[in-house]
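Visitor: My structure is below; once you've seen it, I'll send some questions.
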Amino acid sequence: MKRYNLLIVLLLLIFNVTTAQKKNSPAADLSILKETKSKIEATVPLVVQHLQNIATKESDNNIVTNGKIAVGKEYKILESEWFLYRNNMKNCILNNSSKKAKKCMEYHTQYLRNTLINYNNYITNLTKKNGYLGVEGDTKFDFKPAEIATKLSEAYFNANDAAGRMKANQKREFLDQTMSDDNKLSPYAQLAP
């Protein structure tokens with residue numbers, strides 16, 4: 001009888017650990033990080049192209065040069081906040097009880113959301129139709145800060161639940177993926193040569 005009880009306990013343990021670590025399960029899916037990274041990076045070439053169109057129309061290459069420097073500063077702010085956000089969210093989960101972790105994560109998500117909104121406002125105002133006379137059309141971005149922040153928040157809340165079912169080493173390894181180079185923003189100079 002004891003062997004059967006032990007077997008059942010082992011099977012349940014294996015099931016819980018594998019469920020918590022499944023990459024495609026909603027409980028542990030952090031692919032939104034790569035998606036967010038891609039969306040942020042995709043804005044840079046669009047802004048640079050818009051600046052190039054203005055420079056060509058005005059026959060003034062300083063518009064591109066100065067514009068790239070200005071956008072680079074805004075991108076650098078977002079790049080820094082993106083790094084801090086991922087690290088802070090990981091630490092919220094690792095170093096707190098579940099209730100405190102959620103409060104901690106809400107705080108950092110709100111801060112990132114504000115930074116995303118500021119960046120979006122800057123690039124939108126820079127590229128809108130009447131931003132510079134004589135350049136037709138608005139540049140369209142697939143960049144919605146509120147939606148991005150909501151998806152990130154949901155992913156981290158699910159990751160927190162999944163991490164709660166893991167041992168300490170598994171939890172750290174699972175959450176360390178958020179800081180991998182795959183989720184790091186590319187340098188601005190690489191995106192806007």
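Chain lettering (A, B, ...) mirrors the order of the structure tokens, residue numbering begins at 1 for each chain separately, and ligand numbering begins at 1 in order of display.
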Compile the contact shell of region 112-122 of chain A as a PyMOL selection string: residues with an atom at most 7 Å away, counting only C-alpha atoms, same-chain residues fewer than 6 positions apart removed.

Guide: chain A and resi 74+78+81+85+145-146+149

Visitor: Among the residues of region 10-189 of chain A, find those DSSP assigns to alpha helix (DSSP H) from the backbone and print them as a PyMOL selection string.

Guide: chain A and resi 10-21+32-58+62-95+98-127+145-163+168-176+188-189

Visitor: Excluding same-chain residues fewer than 3 positions from Met105 (chain A), what lies within 10 Å of it counting only C-alpha atoms, as a list in words?

Guide: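 Close residues of Met105 (chain A): Tyr85, Asn88, Met89, Lys90, Asn91, Cys92, Ile93, Lys100, Ala101, Lys102, His108, Thr109, Gln110, Tyr111, Ser153, Tyr156, Phe157 and Asn160 of chain A.
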
Visitor: Keeping only N, CA, C and O atoms, take the residues you just selected and write them out as a compact mmCIF listing (two decimals), in the first residue's frame.

Guide:
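Writing done, so here's selection-v3.txt:
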# COMPACT_ATOMS: atom_id res chain seq x y z
N TYR A 85 12.89 47.35 -15.76
CA TYR A 85 11.59 46.70 -15.61
C TYR A 85 11.74 45.18 -15.52
O TYR A 85 11.22 44.54 -14.60
N ASN A 88 13.54 44.29 -12.25
CA ASN A 88 12.69 44.54 -11.08
C ASN A 88 11.56 43.52 -10.97
O ASN A 88 11.23 43.07 -9.87
N MET A 89 10.94 43.18 -12.10
CA MET A 89 9.84 42.22 -12.08
C MET A 89 10.35 40.84 -11.64
O MET A 89 9.71 40.16 -10.84
N LYS A 90 11.53 40.47 -12.12
CA LYS A 90 12.14 39.20 -11.70
C LYS A 90 12.37 39.22 -10.19
O LYS A 90 12.03 38.27 -9.49
N ASN A 91 12.91 40.32 -9.70
CA ASN A 91 13.20 40.44 -8.27
C ASN A 91 11.93 40.49 -7.42
O ASN A 91 11.91 40.00 -6.29
N CYS A 92 10.88 41.10 -7.95
CA CYS A 92 9.60 41.11 -7.23
C CYS A 92 9.13 39.69 -6.95
O CYS A 92 8.67 39.37 -5.86
N ILE A 93 9.25 38.82 -7.95
CA ILE A 93 8.80 37.44 -7.82
C ILE A 93 9.73 36.64 -6.92
O ILE A 93 9.29 35.89 -6.06
N LYS A 100 2.88 40.41 -1.82
CA LYS A 100 3.81 41.53 -1.96
C LYS A 100 4.36 41.60 -3.37
O LYS A 100 4.60 42.68 -3.91
N ALA A 101 4.58 40.44 -3.99
CA ALA A 101 5.10 40.40 -5.35
C ALA A 101 4.14 41.09 -6.32
O ALA A 101 4.55 41.86 -7.18
N LYS A 102 2.84 40.84 -6.15
CA LYS A 102 1.85 41.46 -7.04
C LYS A 102 1.85 42.97 -6.90
O LYS A 102 1.78 43.69 -7.90
N HIS A 108 5.96 48.56 -10.79
CA HIS A 108 6.94 48.64 -11.88
C HIS A 108 6.28 48.63 -13.25
O HIS A 108 6.78 49.29 -14.18
N THR A 109 5.16 47.94 -13.39
CA THR A 109 4.44 47.96 -14.66
C THR A 109 3.89 49.35 -14.95
O THR A 109 3.95 49.83 -16.09
N GLN A 110 3.39 50.02 -13.92
CA GLN A 110 2.88 51.38 -14.10
C GLN A 110 4.00 52.33 -14.55
O GLN A 110 3.81 53.17 -15.42
N TYR A 111 5.16 52.17 -13.97
CA TYR A 111 6.30 53.01 -14.32
C TYR A 111 6.71 52.77 -15.78
O TYR A 111 6.96 53.72 -16.53
N SER A 153 2.01 42.71 -17.90
CA SER A 153 1.55 42.51 -16.53
C SER A 153 0.93 41.12 -16.37
O SER A 153 1.25 40.40 -15.42
N TYR A 156 3.62 38.38 -16.43
CA TYR A 156 4.39 38.30 -15.19
C TYR A 156 3.56 37.76 -14.03
O TYR A 156 4.06 37.04 -13.18
N PHE A 157 2.28 38.11 -14.00
CA PHE A 157 1.41 37.56 -12.95
C PHE A 157 1.30 36.04 -13.11
O PHE A 157 1.35 35.30 -12.14
N ASN A 160 4.51 34.53 -12.01
CA ASN A 160 4.57 34.50 -10.54
C ASN A 160 3.85 33.26 -10.01
O ASN A 160 4.35 32.57 -9.13

Visitor: Near Arg172 (chain A), within 9 Å and counting only C-alpha atoms, which residues show up once chain neighbours fewer than 4 positions away are dropped, as an MDAnalysis selection string?

Guide: chainID A and resid 90 94 163 167:168 176:177

Visitor: Store the residues of this selection in a file with N, CA, C and O atoms, as a short mmCIF file (atom, residue, chain, number, x, y, z; two decimals), in the first residue's frame.

Guide:
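Produced file result31.cif, reproduced below:
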data_model
loop_
_atom_site.label_atom_id
_atom_site.label_comp_id
_atom_site.auth_asym_id
_atom_site.auth_seq_id
_atom_site.Cartn_x
_atom_site.Cartn_y
_atom_site.Cartn_z
N LYS A 90 11.53 40.47 -12.12
CA LYS A 90 12.14 39.20 -11.70
C LYS A 90 12.37 39.22 -10.19
O LYS A 90 12.03 38.27 -9.49
N LEU A 94 11.03 36.83 -7.10
CA LEU A 94 12.01 36.03 -6.35
C LEU A 94 12.06 36.40 -4.87
O LEU A 94 12.28 35.54 -4.03
N ALA A 163 5.99 30.25 -10.89
CA ALA A 163 7.19 30.20 -10.05
C ALA A 163 6.86 29.71 -8.65
O ALA A 163 7.69 29.07 -8.00
N LYS A 167 10.75 24.85 -7.32
CA LYS A 167 11.78 24.92 -6.28
C LYS A 167 12.64 26.16 -6.56
O LYS A 167 12.62 26.70 -7.66
N ALA A 168 13.42 26.55 -5.56
CA ALA A 168 14.20 27.80 -5.66
C ALA A 168 15.10 27.86 -6.89
O ALA A 168 15.11 28.87 -7.60
N ASP A 176 15.37 33.96 -14.81
CA ASP A 176 16.58 34.52 -15.42
C ASP A 176 16.42 34.67 -16.93
O ASP A 176 17.10 35.49 -17.54
N GLN A 177 15.51 33.90 -17.54
CA GLN A 177 15.29 34.03 -18.98
C GLN A 177 14.80 35.43 -19.35
O GLN A 177 15.02 35.90 -20.47
#

Visitor: Using only C-alpha atoms, I'd like a table of the residues in region 81-160 of chain A that come within 9 Å of region 27-45 of chain A; for each, show the closest atom pair and its distance in Å rounded to one decimal, ordered by chain and ascending number, as a Markdown table.

Guide:
| residue | atom | partner | partner_atom | distance |
| --- | --- | --- | --- | --- |
| A:Trp82 | CA | A:Lys37 | CA | 8.8 |
| A:Arg86 | CA | A:Leu33 | CA | 8.7 |
| A:Leu116 | CA | A:Ile40 | CA | 9.0 |
| A:Ile123 | CA | A:Thr43 | CA | 8.1 |
| A:Phe141 | CA | A:Thr43 | CA | 6.5 |
| A:Asp142 | CA | A:Lys39 | CA | 6.7 |
| A:Phe143 | CA | A:Lys39 | CA | 6.2 |
| A:Ile148 | CA | A:Thr36 | CA | 6.9 |
| A:Lys151 | CA | A:Ile32 | CA | 7.1 |
| A:Leu152 | CA | A:Ile32 | CA | 6.4 |
| A:Ala155 | CA | A:Leu30 | CA | 5.9 |
| A:Tyr156 | CA | A:Leu30 | CA | 7.4 |
| A:Phe157 | CA | A:Ala27 | CA | 8.5 |
| A:Asn158 | CA | A:Ala27 | CA | 4.7 |
| A:Ala159 | CA | A:Ala28 | CA | 4.9 |
| A:Asn160 | CA | A:Ala27 | CA | 8.4 |

Visitor: Counting only C-alpha atoms, figure out which residue out of A:Gln52, A:Asn87, A:Thr124, A:Thr65 gets nearest to Ser180 (chain A).

Guide: A:Asn87
